[in-house]
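J.: Below is coords35.cif; it holds mmCIF, C-alpha atoms.
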data_entry
#
loop_
_atom_site.label_atom_id
_atom_site.label_comp_id
_atom_site.auth_asym_id
_atom_site.auth_seq_id
_atom_site.Cartn_x
_atom_site.Cartn_y
_atom_site.Cartn_z
CA MET A 20 0.00 0.00 0.00
CA THR A 21 1.28 3.38 -0.89
CA ALA A 22 0.39 6.91 -1.95
CA GLU A 23 2.15 9.56 -3.96
CA LEU A 24 3.16 12.91 -2.51
CA ARG A 25 2.92 16.22 -4.34
CA PHE A 26 5.72 18.71 -3.77
CA VAL A 27 4.07 22.12 -3.30
CA GLY A 28 7.30 24.10 -3.07
CA LEU A 29 10.95 24.10 -2.06
CA VAL A 30 12.98 25.37 0.89
CA GLU A 31 15.57 28.02 0.06
CA SER A 32 18.24 28.02 2.77
CA SER A 33 21.90 28.72 3.42
CA LEU A 34 22.16 25.12 4.69
CA ALA A 35 23.73 23.29 1.75
CA GLY A 36 24.67 19.92 3.25
CA LYS A 37 23.83 17.52 6.07
CA ASP A 38 26.98 18.38 8.03
CA GLU A 39 25.81 21.98 8.42
CA ALA A 40 22.28 21.22 9.63
CA PRO A 41 21.56 21.61 13.34
CA LYS A 42 19.56 18.84 14.99
CA GLN A 43 16.70 21.18 15.88
CA ALA A 44 15.66 24.71 14.90
CA ASP A 45 16.42 26.06 18.36
CA GLU A 46 20.03 24.91 18.03
CA GLY A 47 21.04 27.58 15.53
CA ALA A 48 18.99 27.04 12.37
CA PRO A 49 19.11 30.00 9.98
CA PRO A 50 16.15 31.87 8.54
CA ALA A 51 14.82 30.37 5.31
CA THR A 52 12.39 31.06 2.48
CA LEU A 53 9.52 28.74 1.57
CA ARG A 54 9.01 29.06 -2.19
CA ILE A 55 5.48 27.87 -2.96
CA ALA A 56 4.81 26.86 -6.59
CA ALA A 57 2.31 29.02 -8.50
CA GLU A 58 -0.20 26.16 -8.80
CA TYR A 59 -0.48 25.93 -5.00
CA THR A 60 -0.54 29.60 -3.99
CA ALA A 61 -4.33 29.56 -3.44
CA CYS A 62 -3.56 27.30 -0.45
CA CYS A 63 -1.67 30.23 1.13
CA GLU A 64 -4.55 32.74 1.25
CA GLY A 65 -5.17 33.60 4.89
CA LEU A 66 -1.56 33.24 6.01
CA HIS A 67 0.00 36.41 7.37
CA ALA A 68 3.32 37.67 8.70
CA GLY A 69 3.47 36.90 12.41
CA ASP A 70 1.61 33.58 12.09
CA GLU A 71 3.16 30.50 13.67
CA VAL A 72 2.86 27.51 11.39
CA LEU A 73 3.99 23.91 11.19
CA VAL A 74 5.91 23.18 7.99
CA LEU A 75 5.97 19.59 6.75
CA THR A 76 8.90 18.79 4.47
CA TRP A 77 10.17 15.75 2.58
CA LEU A 78 13.70 15.07 3.84
CA ASP A 79 14.82 13.78 0.48
CA ARG A 80 18.41 13.07 1.50
CA ALA A 81 17.45 10.81 4.45
CA ASP A 82 17.87 7.01 4.39
CA ARG A 83 14.43 5.36 4.46
CA ASP A 84 15.64 1.89 5.39
CA VAL A 85 17.16 2.66 8.80
CA GLN A 86 14.79 1.62 11.61
CA ALA A 87 16.95 2.30 14.69
CA VAL A 88 19.60 4.90 15.54
CA HIS A 89 21.81 6.07 18.37
CA PRO A 90 19.96 9.23 19.48
CA ARG A 91 21.68 12.38 18.25
CA GLY A 92 24.43 10.20 16.76
CA ASP A 93 25.84 9.51 20.25
CA THR A 94 27.09 5.91 20.13
CA SER A 95 27.20 5.76 23.94
CA ARG A 96 23.39 5.81 23.83
CA PRO A 97 21.56 2.56 22.99
CA LEU A 98 20.06 1.91 19.55
CA THR A 99 16.54 3.30 19.62
CA GLY A 100 13.65 2.84 17.18
CA VAL A 101 13.31 5.86 14.91
CA PHE A 102 9.67 6.39 16.01
CA ALA A 103 11.08 7.25 19.47
CA THR A 104 13.52 9.81 18.00
CA ARG A 105 13.38 12.85 15.72
CA ALA A 106 16.17 11.52 13.47
CA PRO A 107 15.54 12.33 9.77
CA VAL A 108 16.07 8.67 8.85
CA ARG A 109 12.72 6.80 8.97
CA PRO A 110 10.37 4.94 6.60
CA ASN A 111 8.70 8.22 5.60
CA PRO A 112 11.22 11.02 6.15
CA ILE A 113 8.70 13.79 6.82
CA GLY A 114 10.22 16.77 8.60
CA LEU A 115 8.05 18.71 11.04
CA HIS A 116 9.16 22.27 11.76
CA ARG A 117 7.51 24.94 13.84
CA VAL A 118 8.29 28.39 12.41
CA GLU A 119 7.09 31.96 12.48
CA ILE A 120 6.27 33.64 9.17
CA VAL A 121 8.27 36.86 9.04
CA ALA A 122 7.14 38.14 5.62
CA ILE A 123 5.12 37.00 2.60
CA SER A 124 5.74 38.22 -0.95
CA GLY A 125 4.05 37.46 -4.29
CA ALA A 126 0.57 38.26 -5.56
CA PRO A 127 -2.23 35.66 -5.88
CA GLY A 128 -1.53 33.37 -8.84
CA GLU A 129 2.19 34.07 -8.71
CA PRO A 130 4.78 31.96 -6.93
CA ARG A 131 4.64 32.86 -3.25
CA ALA A 132 7.69 33.35 -1.00
CA LEU A 133 7.25 32.97 2.75
CA ARG A 134 10.20 34.12 4.82
CA VAL A 135 10.44 32.20 8.11
CA ASP A 136 12.53 32.81 11.21
CA ALA A 137 14.47 29.54 11.62
CA LEU A 138 14.30 26.24 9.75
CA GLU A 139 16.54 23.17 10.09
CA ALA A 140 16.00 21.93 6.51
CA LEU A 141 18.58 21.81 3.72
CA ASP A 142 18.42 24.03 0.65
CA GLY A 143 16.16 22.44 -1.96
CA THR A 144 14.14 20.33 0.50
CA PRO A 145 10.62 19.73 -0.92
CA ILE A 146 7.67 21.23 1.00
CA LEU A 147 4.60 19.05 1.56
CA ASP A 148 2.24 21.09 3.72
CA LEU A 149 1.74 24.03 6.07
CA LYS A 150 -0.63 23.95 9.03
CA PRO A 151 -1.52 26.60 11.61
CA VAL A 152 -0.39 25.86 15.17
CA LEU A 153 -3.33 24.90 17.39
CA ALA A 154 -3.59 25.46 21.14
CA SER A 155 -3.78 21.67 21.53
CA ASP A 156 -0.37 21.30 19.82
CA ALA A 157 1.11 23.64 22.39
CA ARG A 158 -0.52 22.30 25.51
CA VAL A 159 1.74 20.78 28.15
CA ARG A 160 -0.08 17.97 29.92
CA MET B 20 8.34 16.06 -8.63
CA THR B 21 6.99 13.45 -6.30
CA ALA B 22 7.85 10.75 -3.81
CA GLU B 23 6.11 7.58 -2.69
CA LEU B 24 4.89 7.03 0.86
CA ARG B 25 5.13 3.73 2.74
CA PHE B 26 2.22 2.82 4.99
CA VAL B 27 3.71 1.50 8.24
CA GLY B 28 0.41 0.53 9.83
CA LEU B 29 -3.30 1.28 10.14
CA VAL B 30 -5.54 3.04 12.64
CA GLU B 31 -8.17 0.87 14.31
CA SER B 32 -11.00 3.09 15.55
CA SER B 33 -14.70 3.14 16.25
CA LEU B 34 -14.91 6.10 13.84
CA ALA B 35 -16.24 4.52 10.65
CA GLY B 36 -17.18 7.52 8.52
CA LYS B 37 -16.43 11.20 7.99
CA ASP B 38 -19.71 12.32 9.56
CA GLU B 39 -18.70 10.80 12.90
CA ALA B 40 -15.24 12.34 13.08
CA PRO B 41 -14.76 15.33 15.39
CA LYS B 42 -12.74 18.24 14.01
CA GLN B 43 -10.03 17.87 16.65
CA ALA B 44 -9.06 15.23 19.22
CA ASP B 45 -10.07 17.46 22.14
CA GLU B 46 -13.63 17.63 20.76
CA GLY B 47 -14.57 14.07 21.67
CA ALA B 48 -12.32 11.72 19.68
CA PRO B 49 -12.39 8.14 20.94
CA PRO B 50 -9.39 6.04 21.98
CA ALA B 51 -7.82 4.13 19.10
CA THR B 52 -5.24 1.45 18.35
CA LEU B 53 -2.24 1.98 16.08
CA ARG B 54 -1.51 -1.36 14.41
CA ILE B 55 2.10 -1.26 13.22
CA ALA B 56 3.03 -3.80 10.51
CA ALA B 57 5.56 -6.48 11.50
CA GLU B 58 8.18 -5.16 9.07
CA TYR B 59 8.24 -1.78 10.87
CA THR B 60 8.10 -2.86 14.52
CA ALA B 61 11.84 -2.24 15.00
CA CYS B 62 10.98 1.45 14.58
CA CYS B 63 8.89 1.23 17.78
CA GLU B 64 11.66 0.11 20.16
CA GLY B 65 12.05 2.77 22.83
CA LEU B 66 8.39 3.80 22.89
CA HIS B 67 6.63 3.24 26.21
CA ALA B 68 3.21 3.59 27.77
CA GLY B 69 2.85 7.14 29.03
CA ASP B 70 4.84 8.68 26.16
CA GLU B 71 3.29 11.58 24.28
CA VAL B 72 3.85 11.22 20.54
CA LEU B 73 2.84 12.89 17.31
CA VAL B 74 1.14 10.49 14.91
CA LEU B 75 1.29 11.31 11.20
CA THR B 76 -1.46 9.69 9.15
CA TRP B 77 -2.50 9.64 5.50
CA LEU B 78 -6.08 10.93 5.35
CA ASP B 79 -6.96 8.70 2.43
CA ARG B 80 -10.57 9.84 2.14
CA ALA B 81 -9.72 13.57 1.81
CA ASP B 82 -10.01 15.49 -1.47
CA ARG B 83 -6.51 16.52 -2.62
CA ASP B 84 -7.66 19.09 -5.18
CA VAL B 85 -9.42 21.54 -2.83
CA GLN B 86 -7.18 24.57 -2.12
CA ALA B 87 -9.56 26.75 -0.05
CA VAL B 88 -12.35 26.02 2.45
CA HIS B 89 -14.75 27.75 4.78
CA PRO B 90 -13.07 27.09 8.17
CA ARG B 91 -14.82 24.32 10.11
CA GLY B 92 -17.42 24.09 7.29
CA ASP B 93 -19.00 27.37 8.44
CA THR B 94 -20.12 29.12 5.22
CA SER B 95 -20.46 32.44 7.08
CA ARG B 96 -16.67 32.46 7.31
CA PRO B 97 -14.67 33.50 4.21
CA LEU B 98 -12.95 30.99 1.97
CA THR B 99 -9.47 30.43 3.40
CA GLY B 100 -6.45 28.70 1.90
CA VAL B 101 -6.04 25.21 3.30
CA PHE B 102 -2.51 25.99 4.55
CA ALA B 103 -4.16 28.42 7.01
CA THR B 104 -6.59 25.74 8.27
CA ARG B 105 -6.42 22.23 9.69
CA ALA B 106 -9.00 20.90 7.21
CA PRO B 107 -8.19 17.36 6.00
CA VAL B 108 -8.52 18.47 2.36
CA ARG B 109 -5.13 19.68 1.05
CA PRO B 110 -2.59 18.71 -1.63
CA ASN B 111 -0.98 16.20 0.74
CA PRO B 112 -3.62 15.11 3.27
CA ILE B 113 -1.24 14.32 6.12
CA GLY B 114 -2.97 14.22 9.50
CA LEU B 115 -1.02 15.36 12.56
CA HIS B 116 -2.30 14.08 15.90
CA ARG B 117 -0.85 14.49 19.37
CA VAL B 118 -1.67 11.45 21.50
CA GLU B 119 -0.58 9.67 24.66
CA ILE B 120 0.38 6.01 24.41
CA VAL B 121 -1.73 4.12 26.95
CA ALA B 122 -0.44 0.59 26.33
CA ILE B 123 1.80 -1.32 23.91
CA SER B 124 1.38 -4.99 23.05
CA GLY B 125 3.28 -7.37 20.77
CA ALA B 126 6.81 -8.74 21.01
CA PRO B 127 9.71 -7.57 18.79
CA GLY B 128 9.28 -8.93 15.26
CA GLU B 129 5.51 -9.31 15.68
CA PRO B 130 2.91 -6.76 14.68
CA ARG B 131 2.78 -4.09 17.36
CA ALA B 132 -0.40 -2.55 18.76
CA LEU B 133 -0.19 0.88 20.42
CA ARG B 134 -3.29 1.91 22.30
CA VAL B 135 -3.67 5.72 22.37
CA ASP B 136 -5.96 7.95 24.38
CA ALA B 137 -7.82 9.94 21.70
CA LEU B 138 -7.42 10.10 17.92
CA GLU B 139 -9.56 11.93 15.35
CA ALA B 140 -8.78 9.54 12.45
CA LEU B 141 -11.17 7.13 10.74
CA ASP B 142 -10.91 3.36 11.04
CA GLY B 143 -8.44 2.05 8.46
CA THR B 144 -6.50 5.32 8.07
CA PRO B 145 -2.89 4.54 7.05
CA ILE B 146 -0.12 5.52 9.49
CA LEU B 147 3.00 7.24 8.11
CA ASP B 148 5.15 8.08 11.12
CA LEU B 149 5.40 8.56 14.87
CA LYS B 150 7.60 11.19 16.50
CA PRO B 151 8.23 12.03 20.15
CA VAL B 152 6.90 15.41 21.30
CA LEU B 153 9.73 17.91 21.82
CA ALA B 154 9.73 20.79 24.28
CA SER B 155 10.01 23.12 21.28
CA ASP B 156 6.74 21.74 19.84
CA ALA B 157 5.00 22.62 23.07
CA ARG B 158 6.48 26.04 23.70
CA VAL B 159 4.11 29.00 23.65
CA ARG B 160 5.95 32.01 22.28
#
Please render this file's structure as structure tokens.

T.:
Amino acid sequence: MTAELRFVGLVESSLAGKDEAPKQADEGAPPATLRIAAEYTACCEGLHAGDEVLVLTWLDRADRDVQAVHPRGDTSRPLTGVFATRAPVRPNPIGLHRVEIVAISGAPGEPRALRVDALEALDGTPILDLKPVLASDARVR
Amino acid sequence: MTAELRFVGLVESSLAGKDEAPKQADEGAPPATLRIAAEYTACCEGLHAGDEVLVLTWLDRADRDVQAVHPRGDTSRPLTGVFATRAPVRPNPIGLHRVEIVAISGAPGEPRALRVDALEALDGTPILDLKPVLASDARVR
């Protein structure tokens, strides 16, 4: 069983290779631009500068056949299933990034560029989806 | 440009059809079971009852060609791009659900069943990924 993804845009970032990428956005990720393809810009209506959104990306340089890792690459830590870690390697390497939209450019029907504050995704990473942050995402139970 | 998803398991739920599904888990979603296929159970090592995880699902009954909706189906509200809503309809209908694992059954190498507290996904919905909740997901800025 399977399904096919549609790439709705690409990340533009100063992060060119895996060695440069921080493990998480709050560990020094640079600002980035989400370039949304013209055919998907209608999906962006209603987004505004200042909004916090979740960006879903396709981590296209991640190994899909690794099922367990040493967390954060620390071999002193035991091998752990990837579902219990945020490692990019996993059967479906979908990146989940919480960002703030700093600015939006482009008119309706044109390619849209969303500038975001900090994103730990490599330059050229495909974008799958954006979602607004809900209170229930942020709750601490 | 595209990529192919792998379904790692299926949701087992009392929610049979779209009309029964609440809009969000905190609006009355029932408990559910995540049935992980035997070939992906190694990904689950390190998950424990009591863990809070994000479940990514493939909302296979959602229309992928709708780019704008009236939020929450309320036609008095203006049409809004799907990236500014949590509607299931979107180019890549990936569901994002925060749940608590209540119990885990199944030995390594066997299909694994993860019982979760509340999930707003229909019975038979494919599972794409699980990720631990990070402090940065939960922060309120």

J.: Mind doing a quick least-squares superposition of chain A onto chain B, all C-alpha atoms paired one-to-one in order, and writing it out as a PDB file with C-alpha atoms, in the frame of the given file?

T.:
ATOM      1  CA  MET A  20       8.333  16.036  -8.627  1.00  0.00           C
ATOM      2  CA  THR A  21       6.995  13.463  -6.293  1.00  0.00           C
ATOM      3  CA  ALA A  22       7.827  10.742  -3.787  1.00  0.00           C
ATOM      4  CA  GLU A  23       6.105   7.582  -2.687  1.00  0.00           C
ATOM      5  CA  LEU A  24       4.894   7.026   0.858  1.00  0.00           C
ATOM      6  CA  ARG A  25       5.133   3.743   2.735  1.00  0.00           C
ATOM      7  CA  PHE A  26       2.219   2.827   4.980  1.00  0.00           C
ATOM      8  CA  VAL A  27       3.720   1.497   8.228  1.00  0.00           C
ATOM      9  CA  GLY A  28       0.416   0.544   9.835  1.00  0.00           C
ATOM     10  CA  LEU A  29      -3.287   1.277  10.138  1.00  0.00           C
ATOM     11  CA  VAL A  30      -5.537   3.052  12.633  1.00  0.00           C
ATOM     12  CA  GLU A  31      -8.160   0.868  14.296  1.00  0.00           C
ATOM     13  CA  SER A  32     -10.991   3.082  15.546  1.00  0.00           C
ATOM     14  CA  SER A  33     -14.705   3.142  16.256  1.00  0.00           C
ATOM     15  CA  LEU A  34     -14.920   6.100  13.838  1.00  0.00           C
ATOM     16  CA  ALA A  35     -16.242   4.502  10.651  1.00  0.00           C
ATOM     17  CA  GLY A  36     -17.157   7.512   8.508  1.00  0.00           C
ATOM     18  CA  LYS A  37     -16.411  11.198   7.987  1.00  0.00           C
ATOM     19  CA  ASP A  38     -19.703  12.307   9.548  1.00  0.00           C
ATOM     20  CA  GLU A  39     -18.683  10.793  12.887  1.00  0.00           C
ATOM     21  CA  ALA A  40     -15.211  12.343  13.087  1.00  0.00           C
ATOM     22  CA  PRO A  41     -14.734  15.321  15.398  1.00  0.00           C
ATOM     23  CA  LYS A  42     -12.746  18.246  14.024  1.00  0.00           C
ATOM     24  CA  GLN A  43     -10.028  17.876  16.655  1.00  0.00           C
ATOM     25  CA  ALA A  44      -9.051  15.229  19.212  1.00  0.00           C
ATOM     26  CA  ASP A  45     -10.068  17.440  22.118  1.00  0.00           C
ATOM     27  CA  GLU A  46     -13.610  17.637  20.746  1.00  0.00           C
ATOM     28  CA  GLY A  47     -14.554  14.075  21.653  1.00  0.00           C
ATOM     29  CA  ALA A  48     -12.296  11.740  19.671  1.00  0.00           C
ATOM     30  CA  PRO A  49     -12.370   8.151  20.937  1.00  0.00           C
ATOM     31  CA  PRO A  50      -9.393   6.048  21.959  1.00  0.00           C
ATOM     32  CA  ALA A  51      -7.816   4.131  19.080  1.00  0.00           C
ATOM     33  CA  THR A  52      -5.241   1.445  18.341  1.00  0.00           C
ATOM     34  CA  LEU A  53      -2.243   1.985  16.068  1.00  0.00           C
ATOM     35  CA  ARG A  54      -1.514  -1.365  14.411  1.00  0.00           C
ATOM     36  CA  ILE A  55       2.096  -1.275  13.213  1.00  0.00           C
ATOM     37  CA  ALA A  56       3.022  -3.812  10.502  1.00  0.00           C
ATOM     38  CA  ALA A  57       5.560  -6.482  11.497  1.00  0.00           C
ATOM     39  CA  GLU A  58       8.180  -5.153   9.061  1.00  0.00           C
ATOM     40  CA  TYR A  59       8.233  -1.788  10.864  1.00  0.00           C
ATOM     41  CA  THR A  60       8.105  -2.849  14.518  1.00  0.00           C
ATOM     42  CA  ALA A  61      11.853  -2.229  15.003  1.00  0.00           C
ATOM     43  CA  CYS A  62      10.978   1.473  14.591  1.00  0.00           C
ATOM     44  CA  CYS A  63       8.895   1.217  17.793  1.00  0.00           C
ATOM     45  CA  GLU A  64      11.675   0.104  20.168  1.00  0.00           C
ATOM     46  CA  GLY A  65      12.040   2.772  22.836  1.00  0.00           C
ATOM     47  CA  LEU A  66       8.382   3.789  22.893  1.00  0.00           C
ATOM     48  CA  HIS A  67       6.634   3.232  26.204  1.00  0.00           C
ATOM     49  CA  ALA A  68       3.197   3.589  27.766  1.00  0.00           C
ATOM     50  CA  GLY A  69       2.846   7.145  29.036  1.00  0.00           C
ATOM     51  CA  ASP A  70       4.834   8.676  26.158  1.00  0.00           C
ATOM     52  CA  GLU A  71       3.296  11.581  24.265  1.00  0.00           C
ATOM     53  CA  VAL A  72       3.838  11.217  20.550  1.00  0.00           C
ATOM     54  CA  LEU A  73       2.846  12.894  17.312  1.00  0.00           C
ATOM     55  CA  VAL A  74       1.153  10.487  14.905  1.00  0.00           C
ATOM     56  CA  LEU A  75       1.292  11.310  11.199  1.00  0.00           C
ATOM     57  CA  THR A  76      -1.463   9.688   9.150  1.00  0.00           C
ATOM     58  CA  TRP A  77      -2.509   9.628   5.499  1.00  0.00           C
ATOM     59  CA  LEU A  78      -6.085  10.934   5.361  1.00  0.00           C
ATOM     60  CA  ASP A  79      -6.951   8.712   2.442  1.00  0.00           C
ATOM     61  CA  ARG A  80     -10.571   9.828   2.149  1.00  0.00           C
ATOM     62  CA  ALA A  81      -9.718  13.556   1.823  1.00  0.00           C
ATOM     63  CA  ASP A  82     -10.003  15.481  -1.468  1.00  0.00           C
ATOM     64  CA  ARG A  83      -6.519  16.524  -2.625  1.00  0.00           C
ATOM     65  CA  ASP A  84      -7.665  19.092  -5.167  1.00  0.00           C
ATOM     66  CA  VAL A  85      -9.418  21.538  -2.827  1.00  0.00           C
ATOM     67  CA  GLN A  86      -7.191  24.556  -2.102  1.00  0.00           C
ATOM     68  CA  ALA A  87      -9.559  26.747  -0.049  1.00  0.00           C
ATOM     69  CA  VAL A  88     -12.343  26.016   2.444  1.00  0.00           C
ATOM     70  CA  HIS A  89     -14.762  27.735   4.780  1.00  0.00           C
ATOM     71  CA  PRO A  90     -13.093  27.088   8.161  1.00  0.00           C
ATOM     72  CA  ARG A  91     -14.841  24.332  10.095  1.00  0.00           C
ATOM     73  CA  GLY A  92     -17.418  24.111   7.294  1.00  0.00           C
ATOM     74  CA  ASP A  93     -19.015  27.394   8.441  1.00  0.00           C
ATOM     75  CA  THR A  94     -20.132  29.134   5.237  1.00  0.00           C
ATOM     76  CA  SER A  95     -20.471  32.452   7.090  1.00  0.00           C
ATOM     77  CA  ARG A  96     -16.665  32.464   7.309  1.00  0.00           C
ATOM     78  CA  PRO A  97     -14.677  33.515   4.217  1.00  0.00           C
ATOM     79  CA  LEU A  98     -12.947  30.979   1.962  1.00  0.00           C
ATOM     80  CA  THR A  99      -9.487  30.433   3.397  1.00  0.00           C
ATOM     81  CA  GLY A 100      -6.439  28.697   1.911  1.00  0.00           C
ATOM     82  CA  VAL A 101      -6.063  25.195   3.318  1.00  0.00           C
ATOM     83  CA  PHE A 102      -2.518  25.979   4.566  1.00  0.00           C
ATOM     84  CA  ALA A 103      -4.167  28.424   7.016  1.00  0.00           C
ATOM     85  CA  THR A 104      -6.598  25.748   8.279  1.00  0.00           C
ATOM     86  CA  ARG A 105      -6.422  22.219   9.686  1.00  0.00           C
ATOM     87  CA  ALA A 106      -9.021  20.905   7.209  1.00  0.00           C
ATOM     88  CA  PRO A 107      -8.192  17.353   6.008  1.00  0.00           C
ATOM     89  CA  VAL A 108      -8.539  18.469   2.381  1.00  0.00           C
ATOM     90  CA  ARG A 109      -5.141  19.667   1.057  1.00  0.00           C
ATOM     91  CA  PRO A 110      -2.587  18.706  -1.617  1.00  0.00           C
ATOM     92  CA  ASN A 111      -0.972  16.194   0.755  1.00  0.00           C
ATOM     93  CA  PRO A 112      -3.615  15.108   3.270  1.00  0.00           C
ATOM     94  CA  ILE A 113      -1.237  14.314   6.132  1.00  0.00           C
ATOM     95  CA  GLY A 114      -2.965  14.215   9.503  1.00  0.00           C
ATOM     96  CA  LEU A 115      -1.017  15.350  12.560  1.00  0.00           C
ATOM     97  CA  HIS A 116      -2.290  14.060  15.897  1.00  0.00           C
ATOM     98  CA  ARG A 117      -0.864  14.488  19.355  1.00  0.00           C
ATOM     99  CA  VAL A 118      -1.672  11.437  21.498  1.00  0.00           C
ATOM    100  CA  GLU A 119      -0.601   9.667  24.646  1.00  0.00           C
ATOM    101  CA  ILE A 120       0.363   5.998  24.400  1.00  0.00           C
ATOM    102  CA  VAL A 121      -1.734   4.131  26.950  1.00  0.00           C
ATOM    103  CA  ALA A 122      -0.440   0.589  26.326  1.00  0.00           C
ATOM    104  CA  ILE A 123       1.800  -1.314  23.905  1.00  0.00           C
ATOM    105  CA  SER A 124       1.359  -4.996  23.054  1.00  0.00           C
ATOM    106  CA  GLY A 125       3.276  -7.382  20.769  1.00  0.00           C
ATOM    107  CA  ALA A 126       6.798  -8.761  21.001  1.00  0.00           C
ATOM    108  CA  PRO A 127       9.700  -7.574  18.793  1.00  0.00           C
ATOM    109  CA  GLY A 128       9.262  -8.918  15.258  1.00  0.00           C
ATOM    110  CA  GLU A 129       5.520  -9.303  15.693  1.00  0.00           C
ATOM    111  CA  PRO A 130       2.899  -6.772  14.667  1.00  0.00           C
ATOM    112  CA  ARG A 131       2.781  -4.107  17.360  1.00  0.00           C
ATOM    113  CA  ALA A 132      -0.417  -2.554  18.763  1.00  0.00           C
ATOM    114  CA  LEU A 133      -0.196   0.852  20.422  1.00  0.00           C
ATOM    115  CA  ARG A 134      -3.305   1.909  22.299  1.00  0.00           C
ATOM    116  CA  VAL A 135      -3.682   5.706  22.366  1.00  0.00           C
ATOM    117  CA  ASP A 136      -5.978   7.953  24.374  1.00  0.00           C
ATOM    118  CA  ALA A 137      -7.827   9.948  21.685  1.00  0.00           C
ATOM    119  CA  LEU A 138      -7.429  10.091  17.912  1.00  0.00           C
ATOM    120  CA  GLU A 139      -9.580  11.912  15.339  1.00  0.00           C
ATOM    121  CA  ALA A 140      -8.778   9.533  12.450  1.00  0.00           C
ATOM    122  CA  LEU A 141     -11.176   7.132  10.735  1.00  0.00           C
ATOM    123  CA  ASP A 142     -10.903   3.362  11.033  1.00  0.00           C
ATOM    124  CA  GLY A 143      -8.434   2.052   8.458  1.00  0.00           C
ATOM    125  CA  THR A 144      -6.498   5.321   8.069  1.00  0.00           C
ATOM    126  CA  PRO A 145      -2.879   4.548   7.034  1.00  0.00           C
ATOM    127  CA  ILE A 146      -0.106   5.499   9.492  1.00  0.00           C
ATOM    128  CA  LEU A 147       2.997   7.224   8.117  1.00  0.00           C
ATOM    129  CA  ASP A 148       5.148   8.075  11.125  1.00  0.00           C
ATOM    130  CA  LEU A 149       5.402   8.552  14.883  1.00  0.00           C
ATOM    131  CA  LYS A 150       7.586  11.195  16.504  1.00  0.00           C
ATOM    132  CA  PRO A 151       8.225  12.033  20.159  1.00  0.00           C
ATOM    133  CA  VAL A 152       6.903  15.411  21.316  1.00  0.00           C
ATOM    134  CA  LEU A 153       9.732  17.905  21.837  1.00  0.00           C
ATOM    135  CA  ALA A 154       9.741  20.812  24.285  1.00  0.00           C
ATOM    136  CA  SER A 155      10.037  23.136  21.274  1.00  0.00           C
ATOM    137  CA  ASP A 156       6.753  21.757  19.859  1.00  0.00           C
ATOM    138  CA  ALA A 157       5.038  22.667  23.100  1.00  0.00           C
ATOM    139  CA  ARG A 158       6.518  26.081  23.686  1.00  0.00           C
ATOM    140  CA  VAL A 159       4.153  29.046  23.630  1.00  0.00           C
ATOM    141  CA  ARG A 160       5.956  32.087  22.273  1.00  0.00           C
TER     142      ARG A 160
END

J.: Return as a PyMOL selection string the set of residues that the PyMOL selection byres ((chain A) within 7 of (chain B)) yields on the displayed structure.

T.: chain A and resi 20-26+61-66+86-87+99-105+110-111+117+147-151+156-159

J.: Tell me, as a list in words, which residues lie within 9 Å of Arg131 of chain B, counting all atoms listed in the file; anything in the same chain fewer than 4 positions away does not count.

T.: Leu53, Arg54, Ile55, Ala56, Ala57, Tyr59, Thr60, Cys63, Ile123, Ser124, Gly125, Ala126 and Pro127 of chain B

J.: I'd like the box whose edges run along x, y and z of the file and which contains every listed atom of segment 135-140 of chain A, padded by 3 Å per side; could you state its centre and edge lengths in Å, one decimal, as JSON?

T.:
{"center_x": 13.5, "center_y": 27.4, "center_z": 9.1, "size_x": 12.1, "size_y": 16.9, "size_z": 11.1}

J.: With the file shown as input, list the residues that the PyMOL selection byres ((chain B and resi 32-39) around 8) selects, as a list in words.

T.: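 With the PyMOL selection byres ((chain B and resi 32-39) around 8) on this model, the match is Val30, Glu31, Ala40, Pro41, Pro49, Pro50, Ala51, Thr52, Ala140, Leu141, Asp142 and Gly143 of chain B.
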
J.: Take atom CA of Val118 of chain A and atom CA of Pro90 of chain A and report the distance between them in Å, one decimal.

T.: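 It comes out at 23.5 Å.
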
J.: Care to translate the PyMOL selection byres ((chain A and resi 121) around 8) into actual residues of this file, as a PDB file with C-alpha atoms, keeping the file's coordinate frame?

T.:
ATOM      1  CA  ALA A  68       3.320  37.670   8.700  1.00  0.00           C
ATOM      2  CA  GLY A  69       3.470  36.900  12.410  1.00  0.00           C
ATOM      3  CA  GLU A 119       7.090  31.960  12.480  1.00  0.00           C
ATOM      4  CA  ILE A 120       6.270  33.640   9.170  1.00  0.00           C
ATOM      5  CA  ALA A 122       7.140  38.140   5.620  1.00  0.00           C
ATOM      6  CA  ILE A 123       5.120  37.000   2.600  1.00  0.00           C
ATOM      7  CA  LEU A 133       7.250  32.970   2.750  1.00  0.00           C
ATOM      8  CA  ARG A 134      10.200  34.120   4.820  1.00  0.00           C
ATOM      9  CA  VAL A 135      10.440  32.200   8.110  1.00  0.00           C
ATOM     10  CA  ASP A 136      12.530  32.810  11.210  1.00  0.00           C
TER      11      ASP A 136
END

J.: So how many Å separate atom CA of Thr76 of chain B and atom CA of Asp82 of chain A, to one decimal?

T.: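 Rounded to one decimal, the two atoms are 20.1 Å apart.
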
J.: Between atom CA of Leu29 of chain B and atom CA of Glu46 of chain B, what is the distance, to one decimal in Å?

T.: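 Atom CA of Leu29 of chain B sits 22.1 Å away from atom CA of Glu46 of chain B.
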